[in-house]
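Let me begin by presenting the structure, written as structure tokens, before commenting on it.
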Amino acid sequence: MFGGCRAHPLLTDLYQFTMAYGYWKCGREQDEAVFELFFRKNPLGGEFTVFAGLQDCLSFLSTFCFSQEGQSPRMGEGEFTTGSESEFIVVNVGFLRSVLPADVEPGFYSYLLNISASDVTLRAVPEGSVVFPQVALLELEGPLAILQILETPLLTLVNYASLVATNAARFRLAAGTDRRLLEIGLRRAQGPDGGLSASRYSYIGGFDGTSNVLAGKMYDIPLFGSLAHSYITSFTSMSEVKVQELATASGERPTADFPSLCREWLARVCCFLQVPEHQTNPSEFAAFVSYASGAPRNFVGLLDTYNVMRSGMPNFCAVALALNQLGYTARGLRLDSGDLGWQSLQIRRTLQSCADRFGVPSFSSVPIIISNDITVKDLIELQHKPNAVDSVGVGTHLVTCSSQTSLGCVYKLTQVNGKARIKLTEDKDKTTLPGKKRAYRLFGPDGSPFLDLLMQDTESVPRAGEEIRCHALHGGKGSLAVTASRVEPLHHIYYQHGQVAVSAMLYALLCEFTEERVSQP
């Protein structure tokens, strides 16, 4: 990260500067241009995409400028300040001199030193919206050379963010609305920045929390953690448990000899479950006792280090019930191997039996958490068979988007100096839609959206209750007539005159408040 922003003006392709020089050389750098950032096909074999990355784009535009080495540009009235994002980016123009052709005129570098995004207008779909192919996620209007330089950084900020948010939304749909989804993929992500992005945008896509501590700090995402198998295997016996006394949750009663209390409960639990106490693993028991004594309000057991039902479950129940006697409640238990759905049923029955036997009603509802390379397919299958899973930890297949590695967003010129521009190419699927456009979402009588409508900027605004004739972008022949009960513009101005547009930000906050960030048509 650079000065609080997730992109740097030099985080781009070299040809952006050579093209900008070409524009400058022939006096076209100030030509008024329009670019659109969009994608051509929904990812992951799905029918929708979730747009994400807008906040990072705004931070980038608000700090976009160049300076000589050692110079720090002054912050203007157009600065975008949200915490650490208030620092402007300093780019070494001297480095550009060393990599661009030697015959580049000095005046071009002087030009770079004086540019910013203050003349750029950005219209966008609200972040977290469901979007579809060919409809611009971002539309940028401004000087041709500046918009050209902005291409690669903006694509970098939107492509992965939208792909991860979409992947997260697919996991959410597969899991259902009642099951908690926890992102645990930092260690499998493509580097530190990929890990932060995955945590942030999986939250936008519908996850409930993350294990990523830095993401929790930076983006206020709820944090979750349990313990690893290494913690359990590090213990060999109760002699390694050094904490002996544990205060009650209320602090009103004297402290208790917690290890002895856990031993008493282990004997009672093993007798009730008809599991010989010598079959339970003593090192696992010691690990649970040690962990619970250090974090009695956050005890989560990991049950599958040795044997789930003959060791993990009795040991967990003993420690959790000992905590309960002192006024604490276990936060959950985790399974990380085997037939997770079937094991969850066995565990839930055991929890219910112990709750009834020992008079602890809340014990029957201890949350069961599963992990182990969970995929969307796994969650769909889980939905179609009996299980008692409350939460799912998802890592690798969420953050790496293993089913599709890129969304494939593109950034295309559509208008220069008021004249429409088009790319034809030998591949008709890559033909662009020329001209500056507006986009509207049409809603039916039941309030559900049924169509996204693209129109030239010069066409009349569509109105609810009036017949609209339109053409399908792909595969359709002829025109069709539709009538909408409600018409909403898809794009809002988010950045203009060097400032983030307050009205657009208020709209985004309203959407978040009304929980309409992700509403699938």
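We label chains A, B, ... in the order they appear in the structure tokens, count residues from 1 in each chain, and number ligands from 1 in the order shown.
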* To do: Write out as an NGL selection string each polymer residue whose atoms come within 9 Å of Ser202 (chain A), counting only C-alpha atoms; drop sequence neighbours fewer than 3 positions from it.
  => :A and (161 or 164-169 or 183 or 197-199 or 205-210 or 398-399)
Could you dump the residues just selected with C-alpha atoms as a compact mmCIF listing (two decimals), in the first residue's frame?
# COMPACT_ATOMS: atom_id res chain seq x y z
CA ALA A 161 -12.00 -7.10 -5.90
CA VAL A 164 -13.60 -12.15 -4.91
CA ALA A 165 -16.83 -10.37 -3.95
CA THR A 166 -18.69 -12.41 -6.57
CA ASN A 167 -17.07 -15.64 -5.39
CA ALA A 168 -18.05 -14.79 -1.81
CA ALA A 169 -21.64 -14.12 -2.89
CA GLU A 183 -13.03 -16.14 5.66
CA SER A 197 -8.27 -7.64 -0.53
CA ALA A 198 -9.80 -11.09 -0.12
CA SER A 199 -10.81 -10.37 3.48
CA GLY A 205 -19.82 -10.35 -0.88
CA GLY A 206 -21.66 -11.69 2.15
CA PHE A 207 -19.20 -13.30 4.59
CA ASP A 208 -19.68 -12.65 8.29
CA GLY A 209 -16.10 -12.33 9.49
CA THR A 210 -12.43 -13.01 8.91
CA LEU A 398 -12.51 -18.33 -1.80
CA VAL A 399 -9.40 -16.16 -1.86
* To do: Output as a PyMOL selection string all residues of region 222-425 of chain A that backbone DSSP marks as helix (DSSP H, G or I).
  => chain A and resi 229-233+238-240+258-273+277-279+282-294+308-325+340-358+361-365+376-383+396-399
* Closest to Tyr203 (chain A) among A:Gly94, A:Pro133, A:Pro259, A:Gly128, using only C-alpha atoms? -> A:Gly128
* Asked: If we count only C-alpha atoms, what is near Glu488 (chain A) at a cut-off of 7 Å, once residues fewer than 5 positions away on the same chain are taken out, given as a PyMOL selection string?
  -> chain A and resi 440-442
* If you run DSSP on the backbone, which residues of region 104-158 of chain A are strand (DSSP E), as a ChimeraX atom specification? -> /A:121-124,130-131,138-143
Could you write out that same residue set with N, CA and C atoms as a PDB file, in the first residue's frame?
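Saved as selection_6.pdb:
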ATOM      1  N   THR A 121     -14.043  13.188 -14.240  1.00  0.00           N
ATOM      2  CA  THR A 121     -15.332  12.864 -13.637  1.00  0.00           C
ATOM      3  C   THR A 121     -15.517  11.351 -13.698  1.00  0.00           C
ATOM      4  N   LEU A 122     -15.822  10.753 -12.555  1.00  0.00           N
ATOM      5  CA  LEU A 122     -16.037   9.313 -12.492  1.00  0.00           C
ATOM      6  C   LEU A 122     -17.480   9.034 -12.116  1.00  0.00           C
ATOM      7  N   ARG A 123     -18.156   8.307 -12.978  1.00  0.00           N
ATOM      8  CA  ARG A 123     -19.498   7.794 -12.674  1.00  0.00           C
ATOM      9  C   ARG A 123     -19.367   6.295 -12.465  1.00  0.00           C
ATOM     10  N   ALA A 124     -20.120   5.764 -11.530  1.00  0.00           N
ATOM     11  CA  ALA A 124     -19.977   4.349 -11.221  1.00  0.00           C
ATOM     12  C   ALA A 124     -21.274   3.769 -10.687  1.00  0.00           C
ATOM     13  N   VAL A 130     -25.137  -5.733  -7.739  1.00  0.00           N
ATOM     14  CA  VAL A 130     -25.102  -6.824  -8.708  1.00  0.00           C
ATOM     15  C   VAL A 130     -25.074  -6.197 -10.101  1.00  0.00           C
ATOM     16  N   VAL A 131     -24.141  -6.649 -10.920  1.00  0.00           N
ATOM     17  CA  VAL A 131     -23.946  -6.069 -12.248  1.00  0.00           C
ATOM     18  C   VAL A 131     -23.845  -7.185 -13.285  1.00  0.00           C
ATOM     19  N   LEU A 138     -17.415   1.463 -14.234  1.00  0.00           N
ATOM     20  CA  LEU A 138     -16.901   2.825 -14.105  1.00  0.00           C
ATOM     21  C   LEU A 138     -16.985   3.494 -15.471  1.00  0.00           C
ATOM     22  N   GLU A 139     -17.372   4.756 -15.490  1.00  0.00           N
ATOM     23  CA  GLU A 139     -17.258   5.586 -16.689  1.00  0.00           C
ATOM     24  C   GLU A 139     -16.447   6.809 -16.307  1.00  0.00           C
ATOM     25  N   LEU A 140     -15.364   7.044 -17.036  1.00  0.00           N
ATOM     26  CA  LEU A 140     -14.492   8.184 -16.746  1.00  0.00           C
ATOM     27  C   LEU A 140     -14.505   9.156 -17.897  1.00  0.00           C
ATOM     28  N   GLU A 141     -14.621  10.425 -17.552  1.00  0.00           N
ATOM     29  CA  GLU A 141     -14.638  11.489 -18.548  1.00  0.00           C
ATOM     30  C   GLU A 141     -13.607  12.529 -18.149  1.00  0.00           C
ATOM     31  N   GLY A 142     -12.774  12.926 -19.111  1.00  0.00           N
ATOM     32  CA  GLY A 142     -11.737  13.895 -18.800  1.00  0.00           C
ATOM     33  C   GLY A 142     -10.687  13.953 -19.878  1.00  0.00           C
ATOM     34  N   PRO A 143      -9.515  14.564 -19.602  1.00  0.00           N
ATOM     35  CA  PRO A 143      -8.446  14.689 -20.592  1.00  0.00           C
ATOM     36  C   PRO A 143      -7.945  13.320 -21.061  1.00  0.00           C
TER      37      PRO A 143
END
* Asked: What lies within 12 Å of Thr458 (chain A) using only C-alpha atoms, ignoring chain neighbours under 4 positions off, as a ChimeraX atom specification?
  -> /A:418,420,435-438,454,462
* To do: Determine the nearest neighbour of Arg40 (chain A) from the options A:Arg97, A:Lys428, A:Arg179, A:Arg297, counting only C-alpha atoms.
  =>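 Looking only at the distances to Arg40 (chain A), the closest residue turns out to be A:Lys428.
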* **Selected residue of minimal separation from Ser371 (chain A) among A:Leu323, A:Val461, A:Leu345, A:Leu182, counting only C-alpha atoms** =>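 Selected residue with least distance to Ser371 (chain A): A:Leu182.
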* Could you jot down the CA of Gln190 (chain A) to CA of Tyr160 (chain A) separation for me, Å, one decimal place? => 10.9 Å
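Taking CA of Ala439 (chain A) and CA of Ala136 (chain A) as the two end points, the separation is 8.2 Å.
The environment of Gln496 (chain A) within 8 Å, counting only C-alpha atoms and disregarding residues fewer than 4 places along the same chain, consists of Ser118, Asp119, Val120, Thr121, Leu122, Val500 and Ala501 of chain A.
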* Asked: Hey, what's within 9 Å of Ser290 (chain A) if we count only C-alpha atoms and toss same-chain stuff fewer than 5 positions away? As a list in words, please?
  ->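 Result of the neighbour search: Met238, Glu240, Val241, Lys242, Val243, Pro259, Phe285 and Ala295 of chain A.
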* Asked: Within 9 Å of Ile422 (chain A), counting only C-alpha atoms, which residues qualify if same-chain residues fewer than 4 places away don't, as an NGL selection string?
  -> :A and (412-415 or 431-435)
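In this model, the gap between CA of Ile149 (chain A) and CA of Ala52 (chain A) comes to 21.1 Å.
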Please produce, as CSV, a per-residue contact table for region 351-451 of chain A versus region 310-321 of chain A (criterion: any atom at most 10 Å away, only C-alpha atoms considered), showing the nearest atom pair and its distance in Å to one decimal, sorted by chain then residue number.
residue,atom,partner,partner_atom,distance
A:Leu351,CA,A:Cys317,CA,7.9
A:Cys354,CA,A:Cys317,CA,8.1
A:Ala355,CA,A:Leu321,CA,9.4
A:Phe358,CA,A:Leu321,CA,8.8
A:Val360,CA,A:Leu321,CA,8.4
A:Phe363,CA,A:Leu321,CA,8.2
A:Val366,CA,A:Ala320,CA,9.7
